Amino acid sequence: MQVPAHRYAHSSFLSYTWLLLLIILVSIIAGAASALFLSLLDATLAVHHQYPSLLYLLPVAGVVLVWFYRKWGENAGQGSHLLLEEIHELEGKVPLRMAPMVLIGTLITHLFGGSAGREGTAVQMAGSLAAWLSRHFLVPRHFHRILLMSGIAAGFASVFGTPWAAAIFAIEIPIRGSWQWRYFLATLLAAMVGHFTCLAWGIDHTNYRHSGLSFDGFHQWSGWKICCVIIAGIACGLVSRLFVWMTHTSNQIYVKITDKPLLRPFIGGVLVIMLAWAIGSRDYLGLGVTSADGGVSILSSFTQGGATPWSWFWKILFTVITLGCGFKGGEVTPLFFIGATLGNLLGTSMDQSVALFAGMGMIAVFAGAANAPLTCAILGVELFGPHYAAAFALVCLCSYLVSGKSCIYKTQR
């Protein structure tokens, strides 16, 4: 029996209205969760700064954290990789417990000085909450993917304050070199709602608009300056490729060293402490956005002399040691640090604007490591302004082309 057209239209209208309400609900919850996380993270970083000797407990904290995940985590330990796999397979494997566990795990990592980021935490929290709501409300299978991608967009937007880049991120990350534009309106709505919800809780994001970028018009640039941008993109692509390779290799090395999972974070914690001693600096611990001691940080990299020639490599080493052995946190903020310090070196070496090249490096290394050139070009515009949009697009494209098919997200297709 054929369903009358008006009944079909009525049913579709109700279904999509219900989906719209769920996207808004997911985004509000994700934005509030990110606000809670960022508030707790600021407090955690302040405690570590006040009591720097907490670093010496990092090996023990790592053992407790990995035991915690092995005891109660089940598949939650797969993190962002599990979210991407769920977008592809739609098998209902993302547990609600991922949200509180990654929150606690990331705070523990930063409290004791591990080098990690924060975007992975926000994205995993939002994704797991979206998956739970999808199951709880018995959402149809074809809407489940939309809710997951909306959660990812809301989490990314609320933690960085960049809703347009977040909306693109959610549709660009699942498949390399492919943008699933049919979901863009949903992810944009989610990103906007998540972003403004987080702001409503009084959260302030890092302001890069005053980081020293001056406008001289990309269209007025000489051929040499454009060549410098291309060189920077190639360098960022190679460094992102190195980061991905070292991240994947570190996991294999820890497995070869010992078959006891609880021993790996202890070894990793000891290595972080020894490395900090060896180079005589704590600048590469923690988040690295700012430095209360006037050391190397993301923001310091926008000024002449704000980073050393090897700062980018030290941050890679600290991060892969930390995350490879089982500590929790994201990769994006460390990639920002790596890119900004690399850009500082490139700008200084080629006698170009250090602030501009630090900004380009910051987004381009992430573009190569995540295979997300469009996301990162938009990210540059949102973080630094539209004046250098063409330069951001060029440097991200070059980095993406050089970085190869490998990615920080193993389940990206």
# chains A, B, ... in the order shown; residues from 1 in each chain; ligands from 1

$ closest_atom_pairs --of "range 175-284 of chain A" --to "range 66-81 of chain A" --cutoff "12 Å" --atoms "only C-alpha atoms" --output "CSV"
residue,atom,partner,partner_atom,distance
A:Lys260,CA,A:Val66,CA,11.1
A:Pro261,CA,A:Val66,CA,7.6
A:Leu262,CA,A:Val66,CA,6.3
A:Leu263,CA,A:Val66,CA,9.4
A:Arg264,CA,A:Val66,CA,9.0
A:Pro265,CA,A:Val66,CA,7.3
A:Phe266,CA,A:Val66,CA,9.8
A:Gly268,CA,A:Val66,CA,11.9

$ residues_around --residues "Thr322 in chain A" --least-positions-apart "4" --cutoff "7 Å" --atoms "only C-alpha atoms" --output "ChimeraX atom specification"
/A:114-115,268,318,327

$ select_by_dssp --residues "range 1-119 of chain A" --states "helix (DSSP H, G or I)" --output "number ranges by chain"
A: 5-50, 52-72, 74-78, 80-89, 98-111, 119

$ write_last_selection --atoms "C-alpha atoms" --output "tab-separated table (two decimals), in the first residue's frame"
chain	number	residue	atom	x	y	z
A	5	ALA	CA	2.59	12.07	-0.04
A	6	HIS	CA	1.27	14.44	2.63
A	7	ARG	CA	1.73	11.80	5.35
A	8	TYR	CA	5.28	11.09	4.21
A	9	ALA	CA	6.08	14.81	4.23
A	10	HIS	CA	4.57	15.18	7.70
A	11	SER	CA	6.60	12.23	9.02
A	12	SER	CA	9.82	13.59	7.50
A	13	PHE	CA	9.16	17.03	8.99
A	14	LEU	CA	8.71	15.56	12.46
A	15	SER	CA	11.83	13.39	12.10
A	16	TYR	CA	14.05	16.27	11.06
A	17	THR	CA	12.58	18.56	13.72
A	18	TRP	CA	13.40	15.90	16.31
A	19	LEU	CA	16.92	15.59	14.91
A	20	LEU	CA	17.35	19.37	15.08
A	21	LEU	CA	16.33	19.42	18.73
A	22	LEU	CA	18.74	16.58	19.52
A	23	ILE	CA	21.62	18.38	17.77
A	24	ILE	CA	20.93	21.48	19.86
A	25	LEU	CA	20.70	19.39	23.04
A	26	VAL	CA	23.98	17.59	22.26
A	27	SER	CA	25.69	20.89	21.53
A	28	ILE	CA	24.51	22.56	24.73
A	29	ILE	CA	25.70	19.62	26.81
A	30	ALA	CA	29.01	19.51	24.91
A	31	GLY	CA	29.57	23.24	25.42
A	32	ALA	CA	28.83	22.98	29.14
A	33	ALA	CA	31.11	19.94	29.46
A	34	SER	CA	33.93	21.81	27.71
A	35	ALA	CA	33.42	24.80	30.01
A	36	LEU	CA	33.73	22.52	33.03
A	37	PHE	CA	36.80	20.85	31.57
A	38	LEU	CA	38.57	24.12	30.71
A	39	SER	CA	37.86	25.53	34.18
A	40	LEU	CA	39.23	22.41	35.86
A	41	LEU	CA	42.21	22.37	33.49
A	42	ASP	CA	43.14	25.96	34.37
A	43	ALA	CA	42.99	25.08	38.05
A	44	THR	CA	45.04	21.93	37.47
A	45	LEU	CA	47.76	23.80	35.57
A	46	ALA	CA	47.88	26.42	38.32
A	47	VAL	CA	48.40	23.71	40.95
A	48	HIS	CA	51.22	22.15	38.93
A	49	HIS	CA	52.88	25.54	38.54
A	50	GLN	CA	52.61	26.15	42.27
A	52	PRO	CA	56.45	21.82	40.32
A	53	SER	CA	57.77	18.84	42.29
A	54	LEU	CA	54.56	17.03	41.31
A	55	LEU	CA	56.49	16.10	38.17
A	56	TYR	CA	58.38	13.47	40.14
A	57	LEU	CA	55.11	11.63	40.76
A	58	LEU	CA	54.36	11.40	37.02
A	59	PRO	CA	55.44	7.71	36.74
A	60	VAL	CA	53.17	6.69	39.62
A	61	ALA	CA	50.30	8.79	38.25
A	62	GLY	CA	50.71	7.04	34.90
A	63	VAL	CA	50.45	3.60	36.49
A	64	VAL	CA	47.26	4.63	38.34
A	65	LEU	CA	45.79	6.12	35.16
A	66	VAL	CA	46.42	3.07	33.00
A	67	TRP	CA	45.16	0.75	35.75
A	68	PHE	CA	42.01	2.93	35.98
A	69	TYR	CA	41.39	2.55	32.24
A	70	ARG	CA	42.12	-1.18	32.17
A	71	LYS	CA	39.82	-1.75	35.15
A	72	TRP	CA	36.80	0.26	34.00
A	74	GLU	CA	36.85	-1.22	28.26
A	75	ASN	CA	37.06	0.29	24.76
A	76	ALA	CA	36.93	3.92	26.00
A	77	GLY	CA	40.73	3.96	25.90
A	78	GLN	CA	40.64	4.05	22.08
A	80	SER	CA	39.12	9.69	19.11
A	81	HIS	CA	40.00	6.63	17.01
A	82	LEU	CA	36.86	4.93	18.31
A	83	LEU	CA	34.71	7.96	17.45
A	84	LEU	CA	35.88	7.96	13.83
A	85	GLU	CA	35.38	4.21	13.58
A	86	GLU	CA	31.84	4.65	14.91
A	87	ILE	CA	31.10	7.31	12.27
A	88	HIS	CA	32.06	4.77	9.62
A	89	GLU	CA	30.57	1.59	11.09
A	98	MET	CA	34.43	7.75	27.84
A	99	ALA	CA	33.38	11.30	28.86
A	100	PRO	CA	34.21	11.21	32.61
A	101	MET	CA	37.22	8.93	32.13
A	102	VAL	CA	38.98	11.09	29.55
A	103	LEU	CA	38.23	14.16	31.67
A	104	ILE	CA	39.85	12.62	34.73
A	105	GLY	CA	42.69	11.12	32.70
A	106	THR	CA	43.61	14.42	31.03
A	107	LEU	CA	43.55	16.32	34.32
A	108	ILE	CA	45.85	13.72	35.88
A	109	THR	CA	48.25	13.99	32.93
A	110	HIS	CA	48.49	17.78	33.25
A	111	LEU	CA	48.56	17.83	37.04
A	119	GLU	CA	41.03	19.09	22.10

$ closest_residue --among "A:Ala355, A:Val402, A:Ile316, A:Ile321" --to "Tyr208 in chain A" --atoms "only C-alpha atoms"
A:Ala355

$ closest_residue --among "A:Gln180, A:Gln304, A:Thr187, A:Asn371" --to "Gly151 in chain A" --atoms "only C-alpha atoms"
A:Thr187
